[in-house]
$ cat target-v7.cif   # mmCIF, C-alpha atoms and all ligand atoms
data_coords
loop_
_atom_site.group_PDB
_atom_site.id
_atom_site.type_symbol
_atom_site.label_atom_id
_atom_site.label_comp_id
_atom_site.auth_asym_id
_atom_site.auth_seq_id
_atom_site.Cartn_x
_atom_site.Cartn_y
_atom_site.Cartn_z
ATOM 1 C CA MET L 1 5.676 35.766 3.963
ATOM 2 C CA ARG L 2 5.722 32.276 2.540
ATOM 3 C CA LYS L 3 5.501 30.842 -0.972
ATOM 4 C CA CYS L 4 2.674 28.421 -1.715
ATOM 5 C CA ASN L 5 3.753 25.232 -3.478
ATOM 6 C CA VAL L 6 0.583 25.107 -5.620
ATOM 7 C CA CYS L 7 -0.172 28.665 -6.785
ATOM 8 C CA LYS L 8 3.503 29.776 -6.411
ATOM 9 C CA LEU L 9 2.385 33.111 -4.885
ATOM 10 C CA LYS L 10 3.959 34.723 -1.842
ATOM 11 C CA LYS L 11 1.368 35.161 0.885
ATOM 12 C CA PRO L 12 1.495 36.231 4.542
ATOM 13 C CA ASN L 13 1.886 33.451 7.142
ATOM 14 C CA PHE L 14 -1.757 33.517 8.307
ATOM 15 C CA TRP L 15 -2.685 32.082 4.902
ATOM 16 C CA PHE L 16 -0.977 28.834 5.863
ATOM 17 C CA LYS L 17 -2.440 26.328 8.309
ATOM 18 C CA LYS L 18 -0.316 24.832 11.073
ATOM 19 C CA LYS L 19 0.618 21.175 11.058
ATOM 20 C CA PRO L 20 0.254 19.224 14.334
ATOM 21 C CA ASN L 21 3.998 19.649 14.971
ATOM 22 C CA GLY L 22 3.721 23.453 14.761
ATOM 23 C CA ASP L 23 5.268 23.955 11.308
ATOM 24 C CA LEU L 24 3.312 25.818 8.677
ATOM 25 C CA LYS L 25 1.902 23.847 5.772
ATOM 26 C CA LYS L 26 3.379 24.355 2.286
ATOM 27 C CA THR L 27 -0.005 24.883 0.578
ATOM 28 C CA CYS L 28 -1.997 28.054 1.266
ATOM 29 C CA ARG L 29 -5.584 27.904 2.531
ATOM 30 C CA GLY L 30 -6.874 29.138 -0.839
ATOM 31 C CA CYS L 31 -5.319 26.238 -2.707
ATOM 32 C CA GLU L 32 -6.003 23.643 -0.030
ATOM 33 C CA ARG L 33 -9.782 23.833 -0.237
ATOM 34 C CA THR L 34 -10.762 23.812 -3.890
ATOM 35 C CA TRP L 35 -13.967 22.066 -4.977
ATOM 36 C CA TRP L 36 -11.855 19.346 -6.577
ATOM 37 C CA GLY L 37 -9.773 18.828 -3.447
ATOM 38 C CA GLY L 38 -12.928 18.722 -1.341
ATOM 39 C CA PHE L 39 -14.432 16.156 -3.703
ATOM 40 C CA LEU L 40 -11.327 13.956 -3.521
ATOM 41 C CA ARG L 41 -11.247 14.284 0.274
ATOM 42 C CA MET L 42 -14.896 13.189 0.358
ATOM 43 C CA LEU L 43 -13.999 9.979 -1.485
ATOM 44 C CA VAL L 44 -11.250 8.959 0.950
ATOM 45 C CA LYS L 45 -12.011 7.440 4.311
ATOM 46 C CA GLU L 46 -9.280 8.097 6.838
ATOM 47 C CA ARG L 47 -8.634 5.251 9.188
ATOM 48 C CA GLN L 48 -5.866 3.388 10.971
ATOM 49 C CA LEU L 49 -4.894 -0.183 10.174
ATOM 50 C CA THR L 50 -6.082 -2.853 12.582
ATOM 51 C CA PRO L 51 -3.438 -5.086 14.231
ATOM 52 C CA ALA L 52 -4.460 -7.979 11.965
ATOM 53 C CA GLU L 53 -3.963 -5.807 8.886
ATOM 54 C CA ARG L 54 -0.524 -4.694 10.139
ATOM 55 C CA LEU L 55 0.524 -8.282 10.718
ATOM 56 C CA GLY L 56 -0.863 -9.188 7.294
ATOM 57 C CA ASN L 57 1.211 -6.420 5.710
ATOM 58 C CA ARG L 58 4.426 -7.719 7.256
ATOM 59 C CA LEU L 59 3.661 -11.289 6.243
ATOM 60 C CA GLY L 60 2.757 -10.058 2.774
ATOM 61 C CA TYR L 61 6.180 -8.481 2.287
ATOM 62 C CA MET L 62 7.861 -11.682 3.390
ATOM 63 C CA GLY L 63 5.630 -13.723 1.059
ATOM 64 C CA THR L 64 6.417 -11.394 -1.825
ATOM 65 C CA ALA L 65 10.144 -11.877 -1.213
ATOM 66 C CA PHE L 66 9.651 -15.650 -1.314
ATOM 67 C CA ILE L 67 7.645 -15.456 -4.545
ATOM 68 C CA MET L 68 10.231 -13.098 -6.085
ATOM 69 C CA MET L 69 13.160 -15.449 -5.537
ATOM 70 C CA SER L 70 11.260 -18.619 -6.485
ATOM 71 C CA PRO L 71 11.797 -18.586 -10.282
ATOM 72 C CA TYR L 72 15.586 -18.467 -9.747
ATOM 73 C CA LEU L 73 15.506 -21.370 -7.288
ATOM 74 C CA LEU L 74 13.387 -23.729 -9.398
ATOM 75 C CA PRO L 75 16.352 -25.386 -11.219
ATOM 76 C CA TYR L 76 18.017 -26.289 -7.924
ATOM 77 C CA ASP L 77 16.248 -29.462 -6.777
ATOM 78 C CA ASN L 78 12.797 -27.754 -6.862
ATOM 79 C CA ILE L 79 13.519 -25.502 -3.887
ATOM 80 C CA GLY L 80 11.689 -22.831 -5.879
ATOM 81 C CA ALA L 81 8.417 -24.756 -5.680
ATOM 82 C CA TYR L 82 8.641 -24.847 -1.875
ATOM 83 C CA THR L 83 9.362 -21.122 -1.685
ATOM 84 C CA TYR L 84 6.402 -20.515 -4.030
ATOM 85 C CA LEU L 85 4.173 -22.408 -1.584
ATOM 86 C CA ALA L 86 5.604 -20.476 1.403
ATOM 87 C CA GLY L 87 5.142 -17.180 -0.436
ATOM 88 C CA ALA L 88 1.538 -17.948 -1.333
ATOM 89 C CA VAL L 89 0.702 -18.957 2.257
ATOM 90 C CA LEU L 90 2.367 -15.819 3.685
ATOM 91 C CA SER L 91 0.706 -13.461 1.193
ATOM 92 C CA LEU L 92 -2.770 -14.878 1.609
ATOM 93 C CA PRO L 93 -3.784 -13.115 4.905
ATOM 94 C CA GLN L 94 -2.927 -9.657 3.560
ATOM 95 C CA VAL L 95 -4.908 -9.945 0.347
ATOM 96 C CA TRP L 96 -7.746 -11.708 2.167
ATOM 97 C CA LEU L 97 -8.097 -8.929 4.783
ATOM 98 C CA ALA L 98 -7.869 -6.253 2.084
ATOM 99 C CA LYS L 99 -10.591 -8.130 0.158
ATOM 100 C CA GLN L 100 -8.454 -8.150 -2.980
ATOM 101 C CA TRP L 101 -10.164 -11.243 -4.288
ATOM 102 C CA ASN L 102 -8.297 -11.311 -7.588
ATOM 103 C CA LEU L 103 -4.998 -11.696 -5.707
ATOM 104 C CA VAL L 104 -6.569 -14.257 -3.367
ATOM 105 C CA ILE L 105 -7.431 -16.293 -6.466
ATOM 106 C CA VAL L 106 -3.872 -15.896 -7.821
ATOM 107 C CA ASN L 107 -2.395 -17.089 -4.517
ATOM 108 C CA LEU L 108 -4.774 -20.038 -4.275
ATOM 109 C CA ASN L 109 -3.902 -20.933 -7.873
ATOM 110 C CA LEU L 110 -0.213 -20.781 -6.914
ATOM 111 C CA LEU L 111 -0.853 -23.084 -3.957
ATOM 112 C CA ILE L 112 -2.826 -25.611 -6.000
ATOM 113 C CA GLY L 113 -0.521 -25.477 -9.032
ATOM 114 C CA TYR L 114 2.775 -25.886 -7.200
ATOM 115 C CA GLY L 115 1.193 -28.283 -4.704
ATOM 116 C CA LEU L 116 0.247 -30.599 -7.579
ATOM 117 C CA TYR L 117 3.683 -30.050 -9.146
ATOM 118 C CA LEU L 118 5.464 -31.109 -5.955
ATOM 119 C CA PHE L 119 3.259 -33.990 -4.825
ATOM 120 C CA SER L 120 2.858 -35.822 -8.126
HETATM 121 ZN ZN ZN J 1 -1.699 28.708 -3.039
#
$ encode --input "target-v7.cif" --output "structure tokens" --more "lines below"
Ligand SMILES: [Zn+2]
Amino acid sequence: MRKCNVCKLKKPNFWFKKKPNGDLKKTCRGCERTWWGGFLRMLVKERQLTPAERLGNRLGYMGTAFIMMSPYLLPYDNIGAYTYLAGAVLSLPQVWLAKQWNLVIVNLNLLIGYGLYLFS
């Protein structure tokens, strides 16, 4: 017997599917396949990230860190402007590959804005 985490009922073990590692799932078969769950599953495409996307993710985190610390570095001899530029360049591949065009525009705006700020 096992308690389902959705319907909170105790059901025999054959009601629970096995995970790839051999453990039983926490949700019973009855709750796992509702019409709503099936609909949501239909909307999601399962896939693995490509190597370029993985690399973009890593670079994106680094770029975000640069952008995060930039406002605090601006008063110190404009180091903040350089870290803004580095952050924008590092974040660009991730948002470009994910086709998040709004963030691509934000990053390009950051590049142009702080580029003009530095070189004028
Ligand atoms: Zn259940």
$ residues_around --input "target-v7.cif" --residues "Leu110 (chain L)" --least-positions-apart "2" --cutoff "10 Å" --atoms "only C-alpha atoms" --output "VMD selection string"
chain L and resid 67 81 84 to 85 87 to 89 104 to 108 112 to 116
$ resolve_selection --input "target-v7.cif" --expression "the PyMOL selection byres (((not hetatm)) within 8 of (chain J and resi 1))" --output "CSV table (one decimal) with C-alpha atoms, in the coordinates of the input"
chain,number,residue,atom,x,y,z
L,3,LYS,CA,5.5,30.8,-1.0
L,4,CYS,CA,2.7,28.4,-1.7
L,5,ASN,CA,3.8,25.2,-3.5
L,6,VAL,CA,0.6,25.1,-5.6
L,7,CYS,CA,-0.2,28.7,-6.8
L,8,LYS,CA,3.5,29.8,-6.4
L,9,LEU,CA,2.4,33.1,-4.9
L,27,THR,CA,0.0,24.9,0.6
L,28,CYS,CA,-2.0,28.1,1.3
L,29,ARG,CA,-5.6,27.9,2.5
L,30,GLY,CA,-6.9,29.1,-0.8
L,31,CYS,CA,-5.3,26.2,-2.7
L,32,GLU,CA,-6.0,23.6,0.0
$ closest_residue --input "target-v7.cif" --among "L:Met1, L:Met69, L:Ala98, L:Leu111" --to "Glu53 (chain L)" --atoms "all atoms listed in the file"
L:Ala98
$ atom_distance --input "target-v7.cif" --atom1 "CA of Met68 (chain L)" --atom2 "CA of Ser91 (chain L)"
12.0 Å
$ resolve_selection --input "target-v7.cif" --expression "the PyMOL selection byres (((chain L and resi 90) around 9) and not hetatm)" --output "number ranges by chain"
L: 56, 59-64, 66, 85-89, 91-94
$ write_last_selection --input "target-v7.cif" --atoms "C-alpha atoms" --output "mmCIF file, in the coordinates of the input"
data_model
loop_
_atom_site.group_PDB
_atom_site.id
_atom_site.type_symbol
_atom_site.label_atom_id
_atom_site.label_comp_id
_atom_site.auth_asym_id
_atom_site.auth_seq_id
_atom_site.Cartn_x
_atom_site.Cartn_y
_atom_site.Cartn_z
ATOM 1 C CA GLY L 56 -0.863 -9.188 7.294
ATOM 2 C CA LEU L 59 3.661 -11.289 6.243
ATOM 3 C CA GLY L 60 2.757 -10.058 2.774
ATOM 4 C CA TYR L 61 6.180 -8.481 2.287
ATOM 5 C CA MET L 62 7.861 -11.682 3.390
ATOM 6 C CA GLY L 63 5.630 -13.723 1.059
ATOM 7 C CA THR L 64 6.417 -11.394 -1.825
ATOM 8 C CA PHE L 66 9.651 -15.650 -1.314
ATOM 9 C CA LEU L 85 4.173 -22.408 -1.584
ATOM 10 C CA ALA L 86 5.604 -20.476 1.403
ATOM 11 C CA GLY L 87 5.142 -17.180 -0.436
ATOM 12 C CA ALA L 88 1.538 -17.948 -1.333
ATOM 13 C CA VAL L 89 0.702 -18.957 2.257
ATOM 14 C CA SER L 91 0.706 -13.461 1.193
ATOM 15 C CA LEU L 92 -2.770 -14.878 1.609
ATOM 16 C CA PRO L 93 -3.784 -13.115 4.905
ATOM 17 C CA GLN L 94 -2.927 -9.657 3.560
#
$ atom_distance --input "target-v7.cif" --atom1 "CA of Ser70 (chain L)" --atom2 "CA of Ala52 (chain L)"
26.5 Å
$ residues_around --input "target-v7.cif" --residues "Arg2 (chain L)" --least-positions-apart "3" --cutoff "7 Å" --atoms "only C-alpha atoms" --output "ChimeraX atom specification"
/L:10-13
$ closest_residue --input "target-v7.cif" --among "L:Leu118, L:Trp96, L:Asn109, L:Trp36" --to "Tyr82 (chain L)" --atoms "all atoms listed in the file"
L:Leu118
$ atom_distance --input "target-v7.cif" --atom1 "CA of Ile79 (chain L)" --atom2 "CA of Tyr117 (chain L)"
12.0 Å
$ axis_aligned_box --input "target-v7.cif" --around "region 72-84 of chain L" --padding-each-side "4 Å" --output "AutoDock Vina command-line options"
--center_x 12.2 --center_y -24.0 --center_z -6.5 --size_x 19.6 --size_y 19.0 --size_z 17.5
$ closest_residue --input "target-v7.cif" --among "L:Leu97, L:Asn21, L:Asn102, L:Trp15" --to "Leu55 (chain L)" --atoms "all atoms listed in the file"
L:Leu97
